[in-house]
>>> print(open('start07.txt').read())   # compact mmCIF, N, CA and C atoms
# COMPACT_ATOMS: atom_id res chain seq x y z
N MET Q 769 -33.01 -27.15 -0.70
CA MET Q 769 -33.58 -26.27 -1.71
C MET Q 769 -34.76 -25.48 -1.14
N ALA Q 770 -35.53 -26.10 -0.26
CA ALA Q 770 -36.69 -25.41 0.32
C ALA Q 770 -36.23 -24.21 1.14
N ALA Q 771 -35.13 -24.38 1.88
CA ALA Q 771 -34.62 -23.26 2.69
C ALA Q 771 -34.20 -22.10 1.80
N PHE Q 772 -33.54 -22.41 0.67
CA PHE Q 772 -33.14 -21.35 -0.25
C PHE Q 772 -34.36 -20.67 -0.86
N ALA Q 773 -35.34 -21.46 -1.26
CA ALA Q 773 -36.56 -20.89 -1.86
C ALA Q 773 -37.25 -19.95 -0.87
N ARG Q 774 -37.31 -20.35 0.40
CA ARG Q 774 -37.93 -19.49 1.42
C ARG Q 774 -37.11 -18.22 1.62
N TYR Q 775 -35.78 -18.37 1.66
CA TYR Q 775 -34.90 -17.20 1.81
C TYR Q 775 -35.08 -16.24 0.64
N ASN Q 776 -35.13 -16.79 -0.58
CA ASN Q 776 -35.33 -15.95 -1.77
C ASN Q 776 -36.67 -15.22 -1.72
N ALA Q 777 -37.73 -15.93 -1.35
CA ALA Q 777 -39.05 -15.30 -1.25
C ALA Q 777 -39.03 -14.18 -0.21
N THR Q 778 -38.32 -14.41 0.89
CA THR Q 778 -38.23 -13.40 1.94
C THR Q 778 -37.43 -12.19 1.46
N LEU Q 779 -36.37 -12.43 0.68
CA LEU Q 779 -35.61 -11.31 0.12
C LEU Q 779 -36.47 -10.47 -0.83
N LEU Q 780 -37.29 -11.15 -1.63
CA LEU Q 780 -38.19 -10.41 -2.52
C LEU Q 780 -39.20 -9.59 -1.73
N THR Q 781 -39.71 -10.15 -0.66
CA THR Q 781 -40.65 -9.42 0.20
C THR Q 781 -39.94 -8.22 0.84
N LEU Q 782 -38.72 -8.43 1.33
CA LEU Q 782 -37.94 -7.33 1.89
C LEU Q 782 -37.73 -6.23 0.86
N SER Q 783 -37.41 -6.63 -0.37
CA SER Q 783 -37.21 -5.64 -1.45
C SER Q 783 -38.47 -4.81 -1.66
N ALA Q 784 -39.63 -5.45 -1.63
CA ALA Q 784 -40.89 -4.72 -1.79
C ALA Q 784 -41.09 -3.74 -0.63
N HIS Q 785 -40.77 -4.17 0.59
CA HIS Q 785 -40.90 -3.27 1.75
C HIS Q 785 -39.92 -2.10 1.66
N LEU Q 786 -38.68 -2.40 1.28
CA LEU Q 786 -37.69 -1.32 1.15
C LEU Q 786 -38.10 -0.33 0.08
N ALA Q 787 -38.62 -0.83 -1.03
CA ALA Q 787 -39.09 0.07 -2.09
C ALA Q 787 -40.21 0.96 -1.56
N ALA Q 788 -41.15 0.38 -0.84
CA ALA Q 788 -42.26 1.17 -0.28
C ALA Q 788 -41.74 2.17 0.75
N ASP Q 789 -40.81 1.75 1.59
CA ASP Q 789 -40.25 2.64 2.62
C ASP Q 789 -39.56 3.85 2.02
N THR Q 790 -38.85 3.63 0.91
CA THR Q 790 -38.05 4.70 0.31
C THR Q 790 -38.78 5.45 -0.79
N GLY Q 791 -39.90 4.89 -1.27
CA GLY Q 791 -40.61 5.50 -2.37
C GLY Q 791 -39.96 5.22 -3.72
N LEU Q 792 -39.07 4.22 -3.77
CA LEU Q 792 -38.39 3.87 -5.01
C LEU Q 792 -39.09 2.68 -5.66
N THR Q 793 -38.94 2.57 -6.98
CA THR Q 793 -39.41 1.38 -7.68
C THR Q 793 -38.39 0.27 -7.48
N LEU Q 794 -38.76 -0.94 -7.84
CA LEU Q 794 -37.82 -2.05 -7.71
C LEU Q 794 -36.59 -1.82 -8.60
N SER Q 795 -36.78 -1.32 -9.81
CA SER Q 795 -35.63 -1.03 -10.68
C SER Q 795 -34.71 0.01 -10.06
N GLU Q 796 -35.30 1.02 -9.44
CA GLU Q 796 -34.49 2.04 -8.78
C GLU Q 796 -33.72 1.45 -7.59
N MET Q 797 -34.38 0.54 -6.85
CA MET Q 797 -33.71 -0.13 -5.73
C MET Q 797 -32.54 -0.97 -6.23
N VAL Q 798 -32.75 -1.71 -7.31
CA VAL Q 798 -31.69 -2.55 -7.88
C VAL Q 798 -30.53 -1.66 -8.32
N ALA Q 799 -30.81 -0.58 -9.00
CA ALA Q 799 -29.76 0.34 -9.45
C ALA Q 799 -28.99 0.89 -8.25
N CYS Q 800 -29.70 1.28 -7.20
CA CYS Q 800 -29.03 1.80 -5.99
C CYS Q 800 -28.09 0.76 -5.40
N GLU Q 801 -28.53 -0.48 -5.33
CA GLU Q 801 -27.67 -1.52 -4.75
C GLU Q 801 -26.42 -1.74 -5.59
N HIS Q 802 -26.56 -1.73 -6.92
CA HIS Q 802 -25.38 -1.89 -7.78
C HIS Q 802 -24.45 -0.69 -7.62
N LEU Q 803 -25.02 0.50 -7.54
CA LEU Q 803 -24.19 1.69 -7.34
C LEU Q 803 -23.50 1.65 -5.97
N ARG Q 804 -24.24 1.23 -4.95
CA ARG Q 804 -23.69 1.18 -3.60
C ARG Q 804 -22.55 0.16 -3.52
N LEU Q 805 -22.74 -1.00 -4.15
CA LEU Q 805 -21.75 -2.07 -4.06
C LEU Q 805 -20.60 -1.93 -5.03
N ASP Q 806 -20.86 -1.48 -6.26
CA ASP Q 806 -19.86 -1.50 -7.31
C ASP Q 806 -19.56 -0.14 -7.93
N GLY Q 807 -20.24 0.89 -7.49
CA GLY Q 807 -20.12 2.19 -8.11
C GLY Q 807 -18.82 2.88 -7.78
N PRO Q 808 -18.58 3.98 -8.47
CA PRO Q 808 -19.48 4.58 -9.45
C PRO Q 808 -19.51 3.79 -10.76
N LEU Q 809 -20.64 3.93 -11.45
CA LEU Q 809 -20.86 3.24 -12.72
C LEU Q 809 -21.27 4.25 -13.78
N THR Q 810 -21.02 3.91 -15.03
CA THR Q 810 -21.53 4.75 -16.12
C THR Q 810 -23.03 4.46 -16.27
N PRO Q 811 -23.78 5.35 -16.90
CA PRO Q 811 -25.19 5.07 -17.15
C PRO Q 811 -25.37 3.77 -17.94
N ARG Q 812 -24.48 3.50 -18.88
CA ARG Q 812 -24.58 2.25 -19.65
C ARG Q 812 -24.46 1.03 -18.74
N GLU Q 813 -23.50 1.07 -17.80
CA GLU Q 813 -23.34 -0.05 -16.86
C GLU Q 813 -24.57 -0.21 -15.98
N VAL Q 814 -25.15 0.91 -15.55
CA VAL Q 814 -26.38 0.84 -14.75
C VAL Q 814 -27.47 0.18 -15.59
N GLY Q 815 -27.62 0.62 -16.83
CA GLY Q 815 -28.64 0.07 -17.71
C GLY Q 815 -28.47 -1.42 -17.95
N GLU Q 816 -27.23 -1.87 -18.11
CA GLU Q 816 -26.97 -3.30 -18.32
C GLU Q 816 -27.38 -4.10 -17.08
N ARG Q 817 -27.11 -3.57 -15.91
CA ARG Q 817 -27.41 -4.31 -14.68
C ARG Q 817 -28.89 -4.33 -14.35
N VAL Q 818 -29.59 -3.27 -14.76
CA VAL Q 818 -31.03 -3.18 -14.47
C VAL Q 818 -31.87 -3.59 -15.67
N ARG Q 819 -31.19 -3.80 -16.81
CA ARG Q 819 -31.85 -4.20 -18.06
C ARG Q 819 -32.81 -3.13 -18.57
N LEU Q 820 -32.27 -1.93 -18.72
CA LEU Q 820 -33.06 -0.81 -19.24
C LEU Q 820 -32.36 -0.23 -20.46
N SER Q 821 -33.15 0.36 -21.35
CA SER Q 821 -32.59 1.05 -22.51
C SER Q 821 -31.90 2.32 -22.04
N SER Q 822 -31.12 2.93 -22.92
CA SER Q 822 -30.39 4.14 -22.54
C SER Q 822 -31.34 5.27 -22.15
N GLY Q 823 -32.44 5.40 -22.85
CA GLY Q 823 -33.41 6.44 -22.50
C GLY Q 823 -34.06 6.18 -21.15
N ALA Q 824 -34.41 4.93 -20.90
CA ALA Q 824 -35.04 4.58 -19.62
C ALA Q 824 -34.07 4.73 -18.47
N VAL Q 825 -32.80 4.38 -18.69
CA VAL Q 825 -31.83 4.51 -17.59
C VAL Q 825 -31.55 5.98 -17.29
N THR Q 826 -31.60 6.83 -18.31
CA THR Q 826 -31.43 8.26 -18.06
C THR Q 826 -32.55 8.77 -17.16
N SER Q 827 -33.77 8.37 -17.44
CA SER Q 827 -34.90 8.76 -16.58
C SER Q 827 -34.75 8.21 -15.18
N LEU Q 828 -34.32 6.95 -15.07
CA LEU Q 828 -34.12 6.34 -13.76
C LEU Q 828 -33.07 7.12 -12.96
N ILE Q 829 -31.95 7.44 -13.58
CA ILE Q 829 -30.90 8.19 -12.89
C ILE Q 829 -31.40 9.58 -12.52
N ASP Q 830 -32.17 10.21 -13.40
CA ASP Q 830 -32.76 11.52 -13.08
C ASP Q 830 -33.60 11.42 -11.81
N ARG Q 831 -34.42 10.36 -11.71
CA ARG Q 831 -35.28 10.18 -10.53
C ARG Q 831 -34.44 9.94 -9.28
N LEU Q 832 -33.42 9.09 -9.39
CA LEU Q 832 -32.55 8.83 -8.23
C LEU Q 832 -31.83 10.09 -7.78
N GLU Q 833 -31.37 10.85 -8.75
CA GLU Q 833 -30.68 12.10 -8.43
C GLU Q 833 -31.65 13.09 -7.78
N GLY Q 834 -32.85 13.18 -8.32
CA GLY Q 834 -33.85 14.09 -7.77
C GLY Q 834 -34.26 13.76 -6.35
N ARG Q 835 -34.19 12.48 -5.99
CA ARG Q 835 -34.56 12.05 -4.64
C ARG Q 835 -33.36 11.97 -3.70
N GLY Q 836 -32.17 12.31 -4.20
CA GLY Q 836 -30.99 12.31 -3.36
C GLY Q 836 -30.30 10.97 -3.18
N PHE Q 837 -30.61 10.00 -4.05
CA PHE Q 837 -29.99 8.68 -3.94
C PHE Q 837 -28.75 8.54 -4.83
N ALA Q 838 -28.54 9.47 -5.74
CA ALA Q 838 -27.41 9.37 -6.67
C ALA Q 838 -26.99 10.77 -7.12
N THR Q 839 -25.74 10.84 -7.57
CA THR Q 839 -25.21 12.06 -8.19
C THR Q 839 -24.42 11.67 -9.43
N ARG Q 840 -24.34 12.60 -10.35
CA ARG Q 840 -23.53 12.40 -11.56
C ARG Q 840 -22.30 13.29 -11.47
N THR Q 841 -21.17 12.76 -11.94
CA THR Q 841 -19.95 13.56 -12.06
C THR Q 841 -19.36 13.28 -13.44
N PRO Q 842 -18.60 14.22 -13.98
CA PRO Q 842 -17.96 13.96 -15.27
C PRO Q 842 -17.04 12.75 -15.18
N HIS Q 843 -17.02 11.94 -16.23
CA HIS Q 843 -16.14 10.78 -16.29
C HIS Q 843 -14.71 11.29 -16.46
N PRO Q 844 -13.78 10.85 -15.62
CA PRO Q 844 -12.41 11.38 -15.70
C PRO Q 844 -11.65 10.97 -16.95
N LYS Q 845 -12.08 9.89 -17.63
CA LYS Q 845 -11.35 9.40 -18.80
C LYS Q 845 -12.13 9.54 -20.10
N ASP Q 846 -13.39 9.92 -20.01
CA ASP Q 846 -14.23 10.02 -21.21
C ASP Q 846 -15.14 11.23 -21.05
N ARG Q 847 -14.80 12.32 -21.71
CA ARG Q 847 -15.59 13.54 -21.50
C ARG Q 847 -16.98 13.48 -22.09
N ARG Q 848 -17.27 12.43 -22.85
CA ARG Q 848 -18.63 12.25 -23.38
C ARG Q 848 -19.54 11.54 -22.40
N SER Q 849 -18.98 11.06 -21.28
CA SER Q 849 -19.75 10.24 -20.35
C SER Q 849 -19.71 10.84 -18.95
N VAL Q 850 -20.53 10.27 -18.10
CA VAL Q 850 -20.56 10.66 -16.68
C VAL Q 850 -20.44 9.38 -15.85
N LEU Q 851 -20.16 9.56 -14.58
CA LEU Q 851 -20.21 8.47 -13.62
C LEU Q 851 -21.35 8.75 -12.66
N VAL Q 852 -22.07 7.71 -12.32
CA VAL Q 852 -23.17 7.82 -11.37
C VAL Q 852 -22.69 7.25 -10.05
N HIS Q 853 -22.84 8.03 -8.99
CA HIS Q 853 -22.40 7.65 -7.65
C HIS Q 853 -23.62 7.46 -6.76
N TYR Q 854 -23.57 6.46 -5.91
CA TYR Q 854 -24.61 6.27 -4.89
C TYR Q 854 -24.39 7.30 -3.79
N THR Q 855 -25.48 7.88 -3.31
CA THR Q 855 -25.42 8.80 -2.19
C THR Q 855 -25.92 8.06 -0.95
N PRO Q 856 -25.04 7.84 0.03
CA PRO Q 856 -25.46 7.12 1.24
C PRO Q 856 -26.66 7.79 1.90
N GLN Q 857 -27.54 6.95 2.43
CA GLN Q 857 -28.77 7.43 3.03
C GLN Q 857 -28.72 7.33 4.55
N GLU Q 858 -29.43 8.22 5.18
CA GLU Q 858 -29.55 8.16 6.63
C GLU Q 858 -30.34 6.92 7.02
N GLN Q 859 -30.11 6.44 8.22
CA GLN Q 859 -30.79 5.23 8.67
C GLN Q 859 -32.31 5.39 8.63
N ARG Q 860 -32.82 6.58 8.89
CA ARG Q 860 -34.28 6.75 8.89
C ARG Q 860 -34.89 6.51 7.51
N VAL Q 861 -34.10 6.69 6.45
CA VAL Q 861 -34.61 6.51 5.09
C VAL Q 861 -34.68 5.03 4.72
N VAL Q 862 -33.67 4.29 5.09
CA VAL Q 862 -33.60 2.87 4.73
C VAL Q 862 -33.42 2.01 5.99
N GLY Q 863 -34.23 2.28 6.99
CA GLY Q 863 -34.10 1.63 8.30
C GLY Q 863 -34.13 0.11 8.24
N ARG Q 864 -35.00 -0.47 7.42
CA ARG Q 864 -35.07 -1.93 7.35
C ARG Q 864 -33.77 -2.51 6.81
N LEU Q 865 -33.15 -1.82 5.86
CA LEU Q 865 -31.89 -2.31 5.31
C LEU Q 865 -30.82 -2.34 6.40
N TYR Q 866 -30.75 -1.27 7.19
CA TYR Q 866 -29.78 -1.25 8.29
C TYR Q 866 -30.07 -2.36 9.29
N ALA Q 867 -31.34 -2.64 9.54
CA ALA Q 867 -31.71 -3.72 10.46
C ALA Q 867 -31.24 -5.07 9.92
N VAL Q 868 -31.43 -5.30 8.62
CA VAL Q 868 -30.99 -6.56 8.01
C VAL Q 868 -29.48 -6.67 8.08
N LEU Q 869 -28.77 -5.59 7.76
CA LEU Q 869 -27.31 -5.63 7.80
C LEU Q 869 -26.81 -5.86 9.23
N GLY Q 870 -27.51 -5.30 10.21
CA GLY Q 870 -27.15 -5.53 11.61
C GLY Q 870 -27.33 -6.99 11.98
N HIS Q 871 -28.43 -7.58 11.53
CA HIS Q 871 -28.68 -9.00 11.80
C HIS Q 871 -27.61 -9.86 11.13
N LEU Q 872 -27.28 -9.54 9.89
CA LEU Q 872 -26.25 -10.28 9.17
C LEU Q 872 -24.91 -10.20 9.90
N SER Q 873 -24.54 -9.00 10.34
CA SER Q 873 -23.28 -8.82 11.07
C SER Q 873 -23.26 -9.66 12.34
N ALA Q 874 -24.36 -9.66 13.07
CA ALA Q 874 -24.44 -10.44 14.31
C ALA Q 874 -24.32 -11.94 14.01
N GLU Q 875 -25.00 -12.40 12.97
CA GLU Q 875 -24.94 -13.82 12.61
C GLU Q 875 -23.52 -14.21 12.19
N MET Q 876 -22.88 -13.38 11.37
CA MET Q 876 -21.52 -13.68 10.93
C MET Q 876 -20.55 -13.68 12.12
N ALA Q 877 -20.74 -12.77 13.06
CA ALA Q 877 -19.86 -12.69 14.24
C ALA Q 877 -19.97 -13.94 15.10
N SER Q 878 -21.12 -14.61 15.05
CA SER Q 878 -21.32 -15.81 15.88
C SER Q 878 -20.69 -17.06 15.26
N LEU Q 879 -20.20 -16.97 14.03
CA LEU Q 879 -19.63 -18.12 13.34
C LEU Q 879 -18.13 -18.23 13.59
N SER Q 880 -17.64 -19.46 13.51
CA SER Q 880 -16.20 -19.68 13.57
C SER Q 880 -15.59 -19.22 12.24
N GLU Q 881 -14.28 -19.09 12.19
CA GLU Q 881 -13.62 -18.66 10.94
C GLU Q 881 -13.87 -19.66 9.81
N PRO Q 882 -13.80 -20.97 10.05
CA PRO Q 882 -14.12 -21.91 8.95
C PRO Q 882 -15.58 -21.79 8.50
N GLU Q 883 -16.50 -21.55 9.43
CA GLU Q 883 -17.91 -21.38 9.05
C GLU Q 883 -18.09 -20.11 8.23
N LYS Q 884 -17.42 -19.03 8.63
CA LYS Q 884 -17.49 -17.78 7.86
C LYS Q 884 -16.97 -17.99 6.45
N ALA Q 885 -15.86 -18.72 6.34
CA ALA Q 885 -15.28 -18.99 5.02
C ALA Q 885 -16.25 -19.82 4.18
N ALA Q 886 -16.92 -20.80 4.80
CA ALA Q 886 -17.88 -21.63 4.06
C ALA Q 886 -19.06 -20.79 3.58
N VAL Q 887 -19.61 -19.95 4.44
CA VAL Q 887 -20.75 -19.11 4.07
C VAL Q 887 -20.34 -18.14 2.96
N THR Q 888 -19.18 -17.50 3.13
CA THR Q 888 -18.70 -16.55 2.13
C THR Q 888 -18.46 -17.25 0.79
N GLY Q 889 -17.85 -18.42 0.83
CA GLY Q 889 -17.62 -19.18 -0.40
C GLY Q 889 -18.91 -19.56 -1.09
N PHE Q 890 -19.89 -20.03 -0.31
CA PHE Q 890 -21.19 -20.42 -0.87
C PHE Q 890 -21.86 -19.21 -1.52
N LEU Q 891 -21.92 -18.09 -0.81
CA LEU Q 891 -22.59 -16.91 -1.35
C LEU Q 891 -21.87 -16.38 -2.59
N THR Q 892 -20.54 -16.41 -2.58
CA THR Q 892 -19.77 -15.96 -3.74
C THR Q 892 -20.04 -16.86 -4.94
N SER Q 893 -20.07 -18.17 -4.71
CA SER Q 893 -20.35 -19.11 -5.79
C SER Q 893 -21.78 -18.93 -6.32
N MET Q 894 -22.74 -18.76 -5.42
CA MET Q 894 -24.13 -18.55 -5.84
C MET Q 894 -24.27 -17.26 -6.64
N THR Q 895 -23.59 -16.21 -6.21
CA THR Q 895 -23.64 -14.94 -6.94
C THR Q 895 -23.09 -15.12 -8.35
N ALA Q 896 -21.96 -15.81 -8.48
CA ALA Q 896 -21.38 -16.06 -9.80
C ALA Q 896 -22.35 -16.85 -10.68
N GLY Q 897 -23.01 -17.85 -10.10
CA GLY Q 897 -23.99 -18.63 -10.85
C GLY Q 897 -25.17 -17.79 -11.30
N LEU Q 898 -25.64 -16.91 -10.41
CA LEU Q 898 -26.75 -16.04 -10.77
C LEU Q 898 -26.36 -15.08 -11.89
N ILE Q 899 -25.15 -14.56 -11.83
CA ILE Q 899 -24.67 -13.64 -12.87
C ILE Q 899 -24.63 -14.36 -14.22
N GLU Q 900 -24.21 -15.62 -14.22
CA GLU Q 900 -24.20 -16.40 -15.47
C GLU Q 900 -25.61 -16.56 -16.03
N VAL Q 901 -26.56 -16.88 -15.16
CA VAL Q 901 -27.94 -17.05 -15.60
C VAL Q 901 -28.49 -15.74 -16.14
N ILE Q 902 -28.21 -14.64 -15.46
CA ILE Q 902 -28.68 -13.33 -15.89
C ILE Q 902 -28.13 -12.98 -17.26
N ALA Q 903 -26.85 -13.33 -17.49
CA ALA Q 903 -26.19 -12.95 -18.74
C ALA Q 903 -26.62 -13.80 -19.93
N GLU Q 904 -27.22 -14.96 -19.69
CA GLU Q 904 -27.63 -15.83 -20.80
C GLU Q 904 -28.77 -15.19 -21.58
N PRO Q 905 -28.62 -15.14 -22.91
CA PRO Q 905 -29.73 -14.61 -23.71
C PRO Q 905 -30.93 -15.54 -23.66
N GLN Q 906 -32.09 -14.95 -23.61
CA GLN Q 906 -33.33 -15.74 -23.59
C GLN Q 906 -33.84 -15.88 -25.01
N GLY Q 907 -34.30 -17.05 -25.35
CA GLY Q 907 -34.72 -17.28 -26.71
C GLY Q 907 -36.06 -17.76 -26.82
>>> encode(input="start07.txt", output="structure tokens")
Amino acid sequence: MAAFARYNATLLTLSAHLAADTGLTLSEMVACEHLRLDGPLTPREVGERVRLSSGAVTSLIDRLEGRGFATRTPHPKDRRSVLVHYTPQEQRVVGRLYAVLGHLSAEMASLSEPEKAAVTGFLTSMTAGLIEVIAEPQG
């Protein structure tokens, strides 16, 4: 548990550095990651993932679009909605992220296939658990 706690603290520190490097807020960084990994998303889906109201998510998307991190396109199935797309960034903009991904790739390449499967399974299971915790209403 101590190793996970240290890893989590380091991820939070990395997030703060990435936000400072890019000039984005933490909410904007979270939205970018969801768009990068799962996009395109509707503004409502972005708001649900970042926990923002519809008005706040509109402002967030406006800021991301203004800084070149996202674009909006008409929704192909719902003319009342749009889809928000992540705009890939040059390495100079998010250099630390590329460095982390490079380190991750090197670490994964050094593992055997069973070790890769174990790491992938663990991370997938942890992600599912985190999503459950996030979705639980707080009382």
>>> atom_distance(input="start07.txt", atom1="atom CA of Pro905 of chain Q", atom2="atom CA of Thr793 of chain Q")
24.6 Å
>>> atom_distance(input="start07.txt", atom1="atom CA of Arg804 of chain Q", atom2="atom CA of Ser822 of chain Q")
20.3 Å
>>> closest_atom_pairs(input="start07.txt", of="segment 797-871 of chain Q", to="segment 875-898 of chain Q", cutoff="8 Å", atoms="all atoms listed in the file", output="CSV")
residue,atom,partner,partner_atom,distance
Q:Leu869,C,Q:Glu875,N,7.7
Q:Gly870,C,Q:Glu875,N,6.0
Q:His871,C,Q:Glu875,N,4.1
>>> closest_residue(input="start07.txt", among="Q:Ala874, Q:Leu792, Q:Leu805, Q:Ala771", to="Arg831 of chain Q", atoms="only C-alpha atoms")
Q:Leu792
>>> residues_around(input="start07.txt", residues="Ser795 of chain Q", least_positions_apart="6", cutoff="10 Å", atoms="only C-alpha atoms", output="ChimeraX atom specification")
/Q:787,801,815,817-820,825,828
>>> select_by_dssp(input="start07.txt", residues="segment 790-889 of chain Q", states="strand (DSSP E or B)", output="ChimeraX atom specification")
/Q:809,838-842,850-854
>>> decode(input="start07.txt", residues="segment 863-886 of chain Q", atoms="C-alpha atoms", output="compact mmCIF listing (two decimals), in the first residue's frame")
# COMPACT_ATOMS: atom_id res chain seq x y z
CA GLY Q 863 7.33 17.44 -22.81
CA ARG Q 864 7.06 15.88 -19.35
CA LEU Q 865 4.10 13.77 -20.47
CA TYR Q 866 6.11 12.43 -23.42
CA ALA Q 867 9.00 11.69 -21.03
CA VAL Q 868 6.68 9.73 -18.72
CA LEU Q 869 5.18 7.80 -21.64
CA GLY Q 870 8.69 7.02 -22.89
CA HIS Q 871 9.66 5.69 -19.46
CA LEU Q 872 6.48 3.62 -19.30
CA SER Q 873 7.16 2.14 -22.76
CA ALA Q 874 10.72 1.23 -21.78
CA GLU Q 875 9.56 -0.38 -18.52
CA MET Q 876 6.83 -2.38 -20.28
CA ALA Q 877 9.30 -3.51 -22.97
CA SER Q 878 11.58 -4.93 -20.27
CA LEU Q 879 8.81 -7.21 -18.92
CA SER Q 880 8.01 -10.74 -19.99
CA GLU Q 881 4.60 -11.35 -21.59
CA PRO Q 882 3.15 -12.83 -18.36
CA GLU Q 883 4.47 -9.81 -16.40
CA LYS Q 884 2.93 -7.42 -18.94
CA ALA Q 885 -0.38 -9.26 -18.63
CA ALA Q 886 -0.21 -9.04 -14.82
